[in-house]
Every structure is written in structure tokens, then in C-alpha cells.
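Listing of query_13.cif, mmCIF, C-alpha atoms (C1' of nucleotides)
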```cif
data_upload
loop_
_atom_site.label_atom_id
_atom_site.label_comp_id
_atom_site.auth_asym_id
_atom_site.auth_seq_id
_atom_site.Cartn_x
_atom_site.Cartn_y
_atom_site.Cartn_z
CA MET A 180 -30.47 -60.37 -5.24
CA GLY A 181 -31.96 -63.68 -4.10
CA ASP A 182 -30.27 -66.48 -2.19
CA LEU A 183 -27.20 -67.68 -4.00
CA LEU A 184 -24.37 -70.07 -3.44
CA ASP A 185 -21.64 -68.38 -1.41
CA ARG A 186 -19.33 -66.41 -3.63
CA ASP A 187 -16.29 -68.01 -1.98
CA THR A 188 -17.60 -71.50 -2.61
CA ALA A 189 -18.33 -70.57 -6.21
CA ARG A 190 -14.83 -69.17 -6.57
CA THR A 191 -13.29 -72.35 -5.23
CA TYR A 192 -15.31 -74.45 -7.64
CA ALA A 193 -14.33 -72.17 -10.51
CA SER A 194 -10.64 -72.45 -9.67
CA TRP A 195 -10.90 -76.24 -9.80
CA PHE A 196 -12.64 -76.29 -13.16
CA ARG A 197 -10.35 -73.60 -14.52
CA ALA A 198 -7.40 -75.92 -13.99
CA LEU A 199 -8.81 -78.18 -16.71
CA ALA A 200 -10.36 -75.40 -18.81
CA ASP A 201 -7.40 -75.30 -21.20
CA PRO A 202 -6.71 -78.04 -23.78
CA THR A 203 -2.97 -77.98 -23.15
CA ARG A 204 -3.47 -78.59 -19.45
CA VAL A 205 -5.85 -81.44 -20.24
CA GLN A 206 -3.16 -82.97 -22.41
CA ILE A 207 -0.53 -82.50 -19.74
CA VAL A 208 -2.66 -84.15 -17.07
CA GLU A 209 -3.50 -87.09 -19.29
CA TYR A 210 0.17 -87.41 -20.23
CA LEU A 211 1.26 -87.40 -16.60
CA ALA A 212 -1.41 -89.94 -15.72
CA ARG A 213 -0.63 -92.40 -18.52
CA HIS A 214 3.08 -92.51 -17.78
CA ALA A 215 2.59 -93.51 -14.18
CA ARG A 216 6.05 -92.43 -13.09
CA PRO A 217 6.71 -88.82 -12.05
CA MET A 218 7.95 -86.81 -15.00
CA SER A 219 10.33 -83.88 -15.29
CA VAL A 220 9.40 -80.58 -16.89
CA GLY A 221 11.70 -81.35 -19.79
CA GLU A 222 9.83 -84.54 -20.59
CA VAL A 223 6.52 -82.70 -20.61
CA VAL A 224 8.05 -79.99 -22.78
CA ALA A 225 9.22 -82.60 -25.27
CA ALA A 226 5.75 -84.14 -25.25
CA VAL A 227 3.63 -81.04 -25.81
CA GLY A 228 6.11 -79.14 -28.00
CA LEU A 229 5.65 -75.75 -26.33
CA ALA A 230 8.19 -73.46 -24.73
CA GLN A 231 9.61 -74.53 -21.38
CA SER A 232 8.30 -71.40 -19.68
CA THR A 233 4.81 -72.09 -20.98
CA VAL A 234 4.80 -75.64 -19.67
CA SER A 235 6.14 -74.42 -16.35
CA GLN A 236 3.23 -71.99 -16.08
CA HIS A 237 0.68 -74.70 -16.82
CA LEU A 238 2.21 -76.99 -14.23
CA LYS A 239 2.09 -74.16 -11.72
CA ILE A 240 -1.64 -73.70 -12.28
CA LEU A 241 -2.20 -77.44 -11.89
CA THR A 242 -0.18 -77.64 -8.70
CA GLU A 243 -1.89 -74.59 -7.17
CA VAL A 244 -5.08 -76.60 -6.83
CA ARG A 245 -3.03 -79.62 -5.73
CA PHE A 246 -4.37 -81.58 -8.68
CA VAL A 247 -0.75 -82.23 -9.61
CA LEU A 248 2.01 -82.79 -7.08
CA VAL A 249 5.66 -81.81 -7.41
CA GLU A 250 8.78 -83.22 -5.79
CA PRO A 251 12.29 -81.85 -6.22
CA VAL A 252 14.80 -84.44 -7.40
CA GLY A 253 18.28 -83.05 -7.68
CA THR A 254 18.17 -80.16 -10.08
CA ALA A 255 14.94 -81.43 -11.59
CA ARG A 256 11.36 -81.37 -10.38
CA HIS A 257 9.12 -84.36 -10.81
CA TYR A 258 5.43 -83.84 -11.43
CA ARG A 259 2.68 -86.41 -11.05
CA VAL A 260 -1.09 -86.48 -10.83
CA ASN A 261 -2.45 -86.38 -7.28
CA ASP A 262 -4.41 -89.61 -7.25
CA ALA A 263 -6.33 -88.47 -4.18
CA CYS A 264 -7.56 -85.47 -6.15
CA VAL A 265 -8.79 -87.58 -9.04
CA GLY A 266 -11.55 -88.77 -6.77
CA CYS A 267 -12.22 -85.51 -4.94
CA PHE A 268 -12.18 -83.29 -8.01
CA PRO A 269 -15.56 -81.55 -8.04
CA SER A 270 -18.21 -82.88 -10.40
CA ALA A 271 -21.15 -81.15 -12.00
CA ALA A 272 -23.36 -82.98 -9.52
CA ASP A 273 -21.47 -81.33 -6.65
CA VAL A 274 -22.25 -77.91 -8.10
CA VAL A 275 -25.88 -78.76 -8.75
CA MET A 276 -26.31 -80.05 -5.20
CA GLY A 277 -24.57 -76.99 -3.80
CA ARG A 278 -22.11 -79.12 -1.86
CA PRO A 279 -19.11 -77.38 -0.29
CA ALA A 280 -16.19 -77.33 -2.72
CA PRO A 281 -13.10 -79.36 -1.81
CA GLU A 282 -10.38 -77.08 -0.49
CA PRO A 283 -7.33 -77.16 -2.76
CA ASN A 284 -5.03 -76.35 0.15
CA GLY A 285 -6.24 -79.03 2.51
CA VAL A 286 -6.08 -82.78 2.23
CA CYS A 287 -8.11 -83.86 -0.77
CA MET B 119 6.44 -84.32 -29.42
CA GLY B 120 5.44 -87.57 -27.75
CA ASP B 121 2.09 -89.28 -27.85
CA LEU B 122 -0.56 -87.01 -26.50
CA LEU B 123 -4.28 -86.98 -26.09
CA ASP B 124 -5.91 -85.77 -29.30
CA ARG B 125 -6.06 -82.01 -29.43
CA ASP B 126 -9.74 -82.11 -30.36
CA THR B 127 -10.58 -84.32 -27.42
CA ALA B 128 -8.61 -82.01 -25.15
CA ARG B 129 -10.45 -79.02 -26.56
CA THR B 130 -13.81 -80.62 -25.96
CA TYR B 131 -12.88 -81.40 -22.37
CA ALA B 132 -11.65 -77.85 -21.89
CA SER B 133 -14.89 -76.38 -23.20
CA TRP B 134 -16.84 -78.45 -20.68
CA PHE B 135 -14.72 -77.38 -17.76
CA ARG B 136 -14.64 -73.80 -18.96
CA ALA B 137 -18.40 -73.64 -18.60
CA LEU B 138 -17.97 -73.95 -14.83
CA ALA B 139 -14.66 -72.08 -14.64
CA ASP B 140 -16.34 -68.82 -13.61
CA PRO B 141 -17.85 -68.23 -10.15
CA THR B 142 -20.88 -66.43 -11.54
CA ARG B 143 -21.71 -69.35 -13.82
CA VAL B 144 -21.32 -71.73 -10.88
CA GLN B 145 -23.80 -69.62 -8.93
CA ILE B 146 -26.21 -69.51 -11.85
CA VAL B 147 -26.13 -73.28 -12.30
CA GLU B 148 -26.66 -73.92 -8.61
CA TYR B 149 -29.48 -71.37 -8.59
CA LEU B 150 -31.19 -73.00 -11.57
CA ALA B 151 -30.80 -76.42 -9.99
CA ARG B 152 -32.17 -75.50 -6.57
CA HIS B 153 -35.29 -73.86 -7.93
CA ALA B 154 -36.34 -76.91 -9.89
CA ARG B 155 -38.68 -75.03 -12.22
CA PRO B 156 -37.33 -73.40 -15.40
CA MET B 157 -36.42 -69.78 -14.75
CA SER B 158 -36.48 -66.70 -16.94
CA VAL B 159 -33.44 -64.52 -17.56
CA GLY B 160 -35.03 -61.76 -15.49
CA GLU B 161 -35.25 -64.02 -12.46
CA VAL B 162 -31.60 -64.98 -12.77
CA VAL B 163 -30.69 -61.30 -13.20
CA ALA B 164 -32.55 -60.45 -10.00
CA ALA B 165 -30.75 -63.27 -8.23
CA VAL B 166 -27.17 -62.55 -9.23
CA GLY B 167 -27.48 -58.75 -9.37
CA LEU B 168 -25.54 -58.30 -12.61
CA ALA B 169 -26.56 -56.62 -15.85
CA GLN B 170 -29.06 -58.43 -18.03
CA SER B 171 -26.61 -58.59 -20.92
CA THR B 172 -24.00 -60.18 -18.68
CA VAL B 173 -26.38 -62.87 -17.45
CA SER B 174 -27.48 -63.53 -21.01
CA GLN B 175 -23.87 -64.07 -22.01
CA HIS B 176 -23.28 -66.54 -19.18
CA LEU B 177 -26.43 -68.45 -20.06
CA LYS B 178 -25.27 -68.61 -23.66
CA ILE B 179 -21.99 -70.20 -22.63
CA LEU B 180 -23.81 -72.72 -20.45
CA THR B 181 -26.26 -73.64 -23.21
CA GLU B 182 -23.52 -73.99 -25.81
CA VAL B 183 -22.29 -77.13 -24.07
CA ARG B 184 -25.90 -78.21 -23.48
CA PHE B 185 -25.29 -78.16 -19.75
CA VAL B 186 -28.26 -75.82 -19.50
CA LEU B 187 -31.33 -76.09 -21.71
CA VAL B 188 -33.52 -73.25 -22.94
CA GLU B 189 -37.16 -73.20 -24.02
CA PRO B 190 -38.98 -70.18 -25.42
CA VAL B 191 -42.17 -69.33 -23.53
CA GLY B 192 -44.00 -66.39 -25.06
CA THR B 193 -41.64 -63.46 -25.00
CA ALA B 194 -39.53 -65.03 -22.31
CA ARG B 195 -37.00 -67.87 -22.41
CA HIS B 196 -36.90 -70.45 -19.68
CA TYR B 197 -33.58 -71.94 -18.63
CA ARG B 198 -33.02 -75.12 -16.67
CA VAL B 199 -30.18 -77.48 -15.88
CA ASN B 200 -29.90 -80.43 -18.26
CA ASP B 201 -30.26 -83.28 -15.80
CA ALA B 202 -28.82 -85.71 -18.33
CA CYS B 203 -25.65 -83.63 -18.44
CA VAL B 204 -25.22 -83.65 -14.68
CA GLY B 205 -24.30 -87.30 -14.95
CA CYS B 206 -22.32 -87.12 -18.21
CA PHE B 207 -20.34 -84.01 -17.34
CA PRO B 208 -16.69 -85.04 -17.59
CA SER B 209 -14.84 -85.78 -14.38
CA ALA B 210 -11.16 -85.59 -13.58
CA ALA B 211 -11.09 -89.37 -13.75
CA ASP B 212 -12.29 -89.20 -17.36
CA VAL B 213 -9.36 -86.95 -18.23
CA VAL B 214 -6.86 -89.09 -16.37
CA MET B 215 -8.12 -92.23 -18.09
CA GLY B 216 -8.02 -90.50 -21.47
CA ARG B 217 -11.64 -91.41 -22.17
CA PRO B 218 -13.35 -89.73 -25.14
CA ALA B 219 -15.02 -86.51 -24.06
CA PRO B 220 -18.82 -86.36 -24.21
CA GLU B 221 -19.92 -84.40 -27.27
CA PRO B 222 -21.81 -81.27 -26.23
CA ASN B 223 -23.79 -81.31 -29.47
CA GLY B 224 -24.94 -84.89 -29.29
CA VAL B 225 -27.14 -86.62 -26.77
CA CYS B 226 -25.54 -86.48 -23.38
"C1'" DA C 23 -50.54 -50.28 -35.64
"C1'" DT C 24 -48.35 -49.00 -31.44
"C1'" DC C 25 -46.56 -49.61 -27.12
"C1'" DG C 26 -44.23 -52.04 -23.40
"C1'" DT C 27 -41.69 -56.10 -22.04
"C1'" DC C 28 -38.21 -59.46 -22.33
"C1'" DA C 29 -34.02 -61.07 -23.90
"C1'" DA C 30 -30.15 -61.45 -27.49
"C1'" DT C 31 -26.57 -58.90 -29.61
"C1'" DC C 32 -23.18 -55.14 -30.38
"C1'" DG C 33 -19.30 -52.21 -29.15
"C1'" DG C 34 -16.18 -50.84 -25.74
"C1'" DC C 35 -13.35 -51.14 -21.49
"C1'" DG C 36 -10.17 -53.09 -18.16
"C1'" DA C 37 -8.41 -57.48 -16.61
"C1'" DT C 38 -6.79 -61.90 -17.32
"C1'" DC C 39 -4.93 -65.65 -20.25
"C1'" DG C 40 -1.74 -68.30 -23.03
"C1'" DA C 41 2.23 -67.96 -25.42
"C1'" DC C 42 7.05 -66.52 -26.01
"C1'" DG C 43 12.11 -65.10 -25.07
"C1'" DA C 44 15.24 -63.65 -21.64
"C1'" DT C 45 16.82 -63.70 -17.14
"C1'" DG C 46 17.53 -65.59 -12.47
"C1'" DA C 47 17.99 -69.29 -9.00
"C1'" DT C 48 19.46 -73.81 -7.50
"C1'" DG C 49 21.88 -78.01 -7.51
"C1'" DA C 50 25.22 -81.63 -9.69
"C1'" DG C 51 29.77 -82.57 -11.41
"C1'" DG C 52 34.47 -81.49 -12.71
"C1'" DC D 158 35.16 -72.29 -7.88
"C1'" DC D 159 33.26 -72.69 -12.17
"C1'" DT D 160 30.24 -74.64 -15.46
"C1'" DC D 161 26.42 -77.05 -17.11
"C1'" DA D 162 21.79 -78.53 -16.69
"C1'" DT D 163 17.16 -77.86 -15.10
"C1'" DC D 164 13.49 -75.20 -14.02
"C1'" DA D 165 11.00 -70.85 -12.13
"C1'" DT D 166 10.11 -66.15 -12.84
"C1'" DC D 167 9.74 -61.76 -15.33
"C1'" DG D 168 8.22 -58.68 -19.03
"C1'" DT D 169 5.81 -58.43 -23.16
"C1'" DC D 170 2.41 -59.25 -26.73
"C1'" DG D 171 -2.03 -60.44 -28.85
"C1'" DA D 172 -6.33 -62.76 -27.82
"C1'" DT D 173 -9.97 -63.69 -24.93
"C1'" DC D 174 -12.90 -62.82 -20.82
"C1'" DG D 175 -16.26 -60.65 -17.84
"C1'" DC D 176 -18.76 -56.77 -17.39
"C1'" DC D 177 -21.34 -52.82 -18.83
"C1'" DG D 178 -24.68 -49.61 -21.47
"C1'" DA D 179 -27.15 -49.20 -25.66
"C1'" DT D 180 -29.41 -51.07 -29.38
"C1'" DT D 181 -32.11 -54.43 -31.80
"C1'" DG D 182 -35.57 -58.00 -32.33
"C1'" DA D 183 -39.58 -60.64 -31.10
"C1'" DC D 184 -43.78 -61.20 -28.83
"C1'" DG D 185 -48.23 -59.92 -26.20
"C1'" DA D 186 -51.52 -56.67 -25.07
"C1'" DT D 187 -54.01 -52.47 -25.73
#
```
Would you mind writing the file's structure down as C-alpha cells?
Amino acid sequence: MGDLLDRDTARTYASWFRALADPTRVQIVEYLARHARPMSVGEVVAAVGLAQSTVSQHLKILTEVRFVLVEPVGTARHYRVNDACVGCFPSAADVVMGRPAPEPNGVC
Amino acid sequence: MGDLLDRDTARTYASWFRALADPTRVQIVEYLARHARPMSVGEVVAAVGLAQSTVSQHLKILTEVRFVLVEPVGTARHYRVNDACVGCFPSAADVVMGRPAPEPNGVC
DNA sequence: ATCGTCAATCGGCGATCGACGATGATGAGG
DNA sequence: CCTCATCATCGTCGATCGCCGATTGACGAT
């Protein structure tokens, strides 16, 4: 076992990339980004044509890494892309250079 | 069913991100990158401390998107990071802007 | 030709994923 | 208070994942 990147750092990187490792989530993110205004779950459901519970799960995964932000509005919840994260989202170059992964919990 | 990013484009993006969506693969890529010279499977096995078959599987996934290149050398096979792909690897900004995903099969 | 080495592939196992329907929680409006 | 609307959560199912040991295949050396 030679010298490797810290397992924790690798895990953090993996969790970032995993957020976009599903085609439906890619579509959801692009959809949220194109319509600049925050969108409700129902709108996303209508867009992707999957069950509401499925969309809710995907949005949960995206918000867990703070790549998507949520704000309660009445009985609805509005989701939008975290513009700060668009820039800080790890790149392949970050991995190759062994840079510390951006912490999803902290400020991006 | 509103206007969405093409499913194929989304799938291609997802396959890119999936390559780095596992901590072991992140470690392997960083390991290959740091030791600039092409490395054999056995060296990677010794580094990560997993079974040879497991490492072989990970390397297969990484080479399928051409993010890692392989070259047969005698009975061994040498793996290295595809430097061209380090720059072309899709970013979160690419997804947000709905840009066409780089084709893993073509020239990066 | 045979043996040893290196790595890909196969089959299996437990864990996780993506999808669904059903249920539960919360807030707005009558 | 009750109802409706919106969304999260739960339980389940089949598919895939990550890992392993064992086998197979390809090559170099004896």
C-alpha cells in the first residue's frame, strides 16, 4: 500500500461527482439553470415526467452537496442551482493535482 | 414533459462524472497522475491494496471514457492519465450551460 | 513445449441505486 | 377545524455496483 490520496478527500470528491453521475440529475440541473427563477418540485416533475417521489429524491441528492439550494415558499419548496458551486465544483484537474476537495457543507 | 437537455447528452455527461464517482477511482487517478510514468496494474494493486480483479475493473471504467489510456508493454499493460482529457473533462459549468458533452470515443 | 507472470474476465455476494406507490407532514384557504 | 395542495419520507422491487476468488488468456523465459 503506497502513498495515496486521503480516503476522506477521495470520498468527498466522489460524492461531488456522484451528484452528476445520473442522466436524470444532469437534466434536472440543466433545467433549473436555464429557467433562472427558482422552481417548485411540481414544475420539475412536469418537466422530467417521472414520479414526484423520484424527483424529490434526486433533488435531495443535489442539495446534500449544496450544488442545488432550496427555499421554502408557502407550502412549496423552490429549488435553484447554487451559482457559487458552479465555479467551485471539482474538476478533473483538481483530482489530478490532488487538491483538497471543496467541502459540500461549508461555503463553496 | 417540458424542454429538457437531450437524454443522450445527459447520459454522456453522467458517464463522465460516474468515472470519478467512486473514491477508489479518484485515488487511482491521482496516483497515476502523481507518478508521471505509466504504471502497471500490479503497481496500482500494491498502492490501493485491493484485489487485482477489482483494480482491473476500475481501470476498465476509467479507460472506457478515455480518461485513462492504456498501452501494452510485453505481458504487462501500462496505464496513464490522458492529459488531453484533464482539460476536456466536463465541468459543472458545462452542464449548467447545456453545452454538448465531450464524446469519450472521439478526440478529447 | 512448458512454466511462471501479468492482467482480463467470469460468477457470486452484499450493498447501493433509481424507480415506483403509498403514507405522512406542513402550510394555505375556506 | 377541515380540506386541499405540495412535498418529503417510507417500503419495496429489480438493476447495477464494488468487491472478491477463481479461471482464462497472452506473453517471455527457460
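Compared by their closest atoms to D:DA179, and using all atoms listed in the file, the residues C:DA47, C:DC32, C:DC42, C:DA37 rank with C:DC32 nearest.
When atom C1' of D:DG168 is paired with atom CA of A:Ser194, their separation reads 25.2 Å.
Nearest to chain B of all the residues D:DC177, D:DA172, D:DA186, D:DA165 is D:DC177, counting all atoms listed in the file.
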With the PyMOL selection byres ((chain D) within 8 of (chain B)) as the selection, what would be picked from this file? Answer as a short mmCIF file (atom, residue, chain, number, x, y, z; two decimals) with C-alpha atoms (C1' of nucleotides), in the coordinates of the input, please.
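out-v3.cif, written as the output of this step:
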```
data_model
loop_
_atom_site.label_atom_id
_atom_site.label_comp_id
_atom_site.auth_asym_id
_atom_site.auth_seq_id
_atom_site.Cartn_x
_atom_site.Cartn_y
_atom_site.Cartn_z
"C1'" DG D 175 -16.26 -60.65 -17.84
"C1'" DC D 176 -18.76 -56.77 -17.39
"C1'" DC D 177 -21.34 -52.82 -18.83
"C1'" DA D 183 -39.58 -60.64 -31.10
"C1'" DC D 184 -43.78 -61.20 -28.83
"C1'" DG D 185 -48.23 -59.92 -26.20
#
```
Just so the selection is clear, what residues does the PyMOL selection byres ((chain C) within 12 of (chain A)) cover here, as a count of residues only?
-> 12
For chain B, work out the contacting residues on chain A at 8 Å, counting only C-alpha atoms, and write them as a PyMOL selection string.
-> chain A and resi 180-186+189-197+199-203+205-206+208-210+212-213+225-228+265-266+268-272+274-277
Mind doing a quick least-squares superposition of chain B onto chain A, all C-alpha atoms paired one-to-one in order, and writing it out as a PDB file with C-alpha atoms, in the frame of the given file?
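Ended up saving to result.pdb:
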```
ATOM      1  CA  MET B 119     -30.365 -60.377  -5.143  1.00  0.00           C
ATOM      2  CA  GLY B 120     -31.869 -63.702  -4.125  1.00  0.00           C
ATOM      3  CA  ASP B 121     -30.227 -66.481  -2.192  1.00  0.00           C
ATOM      4  CA  LEU B 122     -27.168 -67.671  -3.986  1.00  0.00           C
ATOM      5  CA  LEU B 123     -24.350 -70.071  -3.431  1.00  0.00           C
ATOM      6  CA  ASP B 124     -21.614 -68.384  -1.407  1.00  0.00           C
ATOM      7  CA  ARG B 125     -19.285 -66.419  -3.619  1.00  0.00           C
ATOM      8  CA  ASP B 126     -16.255 -68.029  -1.993  1.00  0.00           C
ATOM      9  CA  THR B 127     -17.583 -71.507  -2.608  1.00  0.00           C
ATOM     10  CA  ALA B 128     -18.318 -70.566  -6.206  1.00  0.00           C
ATOM     11  CA  ARG B 129     -14.814 -69.189  -6.584  1.00  0.00           C
ATOM     12  CA  THR B 130     -13.268 -72.352  -5.239  1.00  0.00           C
ATOM     13  CA  TYR B 131     -15.299 -74.457  -7.648  1.00  0.00           C
ATOM     14  CA  ALA B 132     -14.312 -72.181 -10.510  1.00  0.00           C
ATOM     15  CA  SER B 133     -10.624 -72.476  -9.683  1.00  0.00           C
ATOM     16  CA  TRP B 134     -10.906 -76.263  -9.810  1.00  0.00           C
ATOM     17  CA  PHE B 135     -12.631 -76.290 -13.154  1.00  0.00           C
ATOM     18  CA  ARG B 136     -10.331 -73.619 -14.511  1.00  0.00           C
ATOM     19  CA  ALA B 137      -7.395 -75.943 -13.990  1.00  0.00           C
ATOM     20  CA  LEU B 138      -8.808 -78.204 -16.707  1.00  0.00           C
ATOM     21  CA  ALA B 139     -10.346 -75.420 -18.798  1.00  0.00           C
ATOM     22  CA  ASP B 140      -7.392 -75.328 -21.200  1.00  0.00           C
ATOM     23  CA  PRO B 141      -6.697 -78.051 -23.790  1.00  0.00           C
ATOM     24  CA  THR B 142      -2.962 -78.001 -23.159  1.00  0.00           C
ATOM     25  CA  ARG B 143      -3.466 -78.594 -19.443  1.00  0.00           C
ATOM     26  CA  VAL B 144      -5.850 -81.446 -20.243  1.00  0.00           C
ATOM     27  CA  GLN B 145      -3.159 -82.995 -22.425  1.00  0.00           C
ATOM     28  CA  ILE B 146      -0.522 -82.518 -19.747  1.00  0.00           C
ATOM     29  CA  VAL B 147      -2.665 -84.167 -17.080  1.00  0.00           C
ATOM     30  CA  GLU B 148      -3.501 -87.109 -19.306  1.00  0.00           C
ATOM     31  CA  TYR B 149       0.170 -87.422 -20.244  1.00  0.00           C
ATOM     32  CA  LEU B 150       1.266 -87.414 -16.602  1.00  0.00           C
ATOM     33  CA  ALA B 151      -1.398 -89.964 -15.740  1.00  0.00           C
ATOM     34  CA  ARG B 152      -0.611 -92.408 -18.538  1.00  0.00           C
ATOM     35  CA  HIS B 153       3.094 -92.513 -17.809  1.00  0.00           C
ATOM     36  CA  ALA B 154       2.610 -93.500 -14.198  1.00  0.00           C
ATOM     37  CA  ARG B 155       6.078 -92.422 -13.081  1.00  0.00           C
ATOM     38  CA  PRO B 156       6.729 -88.803 -12.046  1.00  0.00           C
ATOM     39  CA  MET B 157       7.965 -86.782 -15.003  1.00  0.00           C
ATOM     40  CA  SER B 158      10.320 -83.838 -15.277  1.00  0.00           C
ATOM     41  CA  VAL B 159       9.364 -80.544 -16.893  1.00  0.00           C
ATOM     42  CA  GLY B 160      11.710 -81.310 -19.780  1.00  0.00           C
ATOM     43  CA  GLU B 161       9.850 -84.509 -20.577  1.00  0.00           C
ATOM     44  CA  VAL B 162       6.523 -82.700 -20.611  1.00  0.00           C
ATOM     45  CA  VAL B 163       8.051 -79.975 -22.800  1.00  0.00           C
ATOM     46  CA  ALA B 164       9.232 -82.602 -25.275  1.00  0.00           C
ATOM     47  CA  ALA B 165       5.772 -84.138 -25.262  1.00  0.00           C
ATOM     48  CA  VAL B 166       3.639 -81.059 -25.812  1.00  0.00           C
ATOM     49  CA  GLY B 167       6.118 -79.159 -28.003  1.00  0.00           C
ATOM     50  CA  LEU B 168       5.639 -75.779 -26.328  1.00  0.00           C
ATOM     51  CA  ALA B 169       8.180 -73.472 -24.720  1.00  0.00           C
ATOM     52  CA  GLN B 170       9.596 -74.515 -21.376  1.00  0.00           C
ATOM     53  CA  SER B 171       8.283 -71.376 -19.702  1.00  0.00           C
ATOM     54  CA  THR B 172       4.794 -72.089 -20.997  1.00  0.00           C
ATOM     55  CA  VAL B 173       4.795 -75.648 -19.674  1.00  0.00           C
ATOM     56  CA  SER B 174       6.116 -74.415 -16.349  1.00  0.00           C
ATOM     57  CA  GLN B 175       3.229 -71.979 -16.121  1.00  0.00           C
ATOM     58  CA  HIS B 176       0.663 -74.694 -16.830  1.00  0.00           C
ATOM     59  CA  LEU B 177       2.218 -76.976 -14.238  1.00  0.00           C
ATOM     60  CA  LYS B 178       2.079 -74.144 -11.730  1.00  0.00           C
ATOM     61  CA  ILE B 179      -1.644 -73.714 -12.282  1.00  0.00           C
ATOM     62  CA  LEU B 180      -2.207 -77.450 -11.905  1.00  0.00           C
ATOM     63  CA  THR B 181      -0.175 -77.636  -8.695  1.00  0.00           C
ATOM     64  CA  GLU B 182      -1.893 -74.609  -7.187  1.00  0.00           C
ATOM     65  CA  VAL B 183      -5.087 -76.624  -6.817  1.00  0.00           C
ATOM     66  CA  ARG B 184      -3.042 -79.654  -5.730  1.00  0.00           C
ATOM     67  CA  PHE B 185      -4.376 -81.597  -8.685  1.00  0.00           C
ATOM     68  CA  VAL B 186      -0.765 -82.251  -9.627  1.00  0.00           C
ATOM     69  CA  LEU B 187       1.996 -82.799  -7.086  1.00  0.00           C
ATOM     70  CA  VAL B 188       5.643 -81.816  -7.422  1.00  0.00           C
ATOM     71  CA  GLU B 189       8.764 -83.230  -5.787  1.00  0.00           C
ATOM     72  CA  PRO B 190      12.267 -81.832  -6.196  1.00  0.00           C
ATOM     73  CA  VAL B 191      14.795 -84.416  -7.380  1.00  0.00           C
ATOM     74  CA  GLY B 192      18.290 -82.985  -7.640  1.00  0.00           C
ATOM     75  CA  THR B 193      18.137 -80.116 -10.070  1.00  0.00           C
ATOM     76  CA  ALA B 194      14.943 -81.389 -11.595  1.00  0.00           C
ATOM     77  CA  ARG B 195      11.348 -81.346 -10.348  1.00  0.00           C
ATOM     78  CA  HIS B 196       9.124 -84.341 -10.798  1.00  0.00           C
ATOM     79  CA  TYR B 197       5.423 -83.848 -11.436  1.00  0.00           C
ATOM     80  CA  ARG B 198       2.676 -86.411 -11.047  1.00  0.00           C
ATOM     81  CA  VAL B 199      -1.094 -86.491 -10.836  1.00  0.00           C
ATOM     82  CA  ASN B 200      -2.457 -86.392  -7.289  1.00  0.00           C
ATOM     83  CA  ASP B 201      -4.415 -89.628  -7.261  1.00  0.00           C
ATOM     84  CA  ALA B 202      -6.344 -88.489  -4.201  1.00  0.00           C
ATOM     85  CA  CYS B 203      -7.581 -85.490  -6.166  1.00  0.00           C
ATOM     86  CA  VAL B 204      -8.822 -87.593  -9.057  1.00  0.00           C
ATOM     87  CA  GLY B 205     -11.592 -88.803  -6.798  1.00  0.00           C
ATOM     88  CA  CYS B 206     -12.254 -85.529  -4.949  1.00  0.00           C
ATOM     89  CA  PHE B 207     -12.199 -83.291  -8.004  1.00  0.00           C
ATOM     90  CA  PRO B 208     -15.581 -81.555  -8.039  1.00  0.00           C
ATOM     91  CA  SER B 209     -18.215 -82.868 -10.408  1.00  0.00           C
ATOM     92  CA  ALA B 210     -21.162 -81.130 -11.993  1.00  0.00           C
ATOM     93  CA  ALA B 211     -23.369 -82.965  -9.526  1.00  0.00           C
ATOM     94  CA  ASP B 212     -21.476 -81.324  -6.658  1.00  0.00           C
ATOM     95  CA  VAL B 213     -22.246 -77.901  -8.105  1.00  0.00           C
ATOM     96  CA  VAL B 214     -25.878 -78.730  -8.749  1.00  0.00           C
ATOM     97  CA  MET B 215     -26.309 -80.036  -5.211  1.00  0.00           C
ATOM     98  CA  GLY B 216     -24.578 -76.966  -3.794  1.00  0.00           C
ATOM     99  CA  ARG B 217     -22.120 -79.109  -1.849  1.00  0.00           C
ATOM    100  CA  PRO B 218     -19.106 -77.371  -0.279  1.00  0.00           C
ATOM    101  CA  ALA B 219     -16.194 -77.326  -2.696  1.00  0.00           C
ATOM    102  CA  PRO B 220     -13.111 -79.361  -1.779  1.00  0.00           C
ATOM    103  CA  GLU B 221     -10.389 -77.066  -0.461  1.00  0.00           C
ATOM    104  CA  PRO B 222      -7.349 -77.170  -2.740  1.00  0.00           C
ATOM    105  CA  ASN B 223      -5.058 -76.323   0.168  1.00  0.00           C
ATOM    106  CA  GLY B 224      -6.282 -78.980   2.538  1.00  0.00           C
ATOM    107  CA  VAL B 225      -6.171 -82.734   2.259  1.00  0.00           C
ATOM    108  CA  CYS B 226      -8.144 -83.843  -0.733  1.00  0.00           C
TER     109      CYS B 226
END
```
Let me have the centre and edge lengths in Å, one decimal, of the box along x, y and z around every listed atom of stretch 194-200 of chain B with 5 Å of margin on each side, as JSON.
```
{"center_x": -34.7, "center_y": -72.7, "center_z": -19.1, "size_x": 19.6, "size_y": 25.4, "size_z": 16.5}
```
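Put simply, atom CA of A:Ile240 is 11.6 Å away from atom CA of A:Pro283.
Picture a line from atom CA of B:Arg198 to atom CA of A:Glu282; it runs 27.9 Å.
Residue membership of the PyMOL selection byres ((chain A and resi 256) around 9) in the shown file amounts to Pro217, Met218, Ser219, Val220, Val249, Glu250, Pro251, Val252, Gly253, Thr254, Ala255, His257 and Tyr258 of chain A; DT163 and DC164 of chain D.
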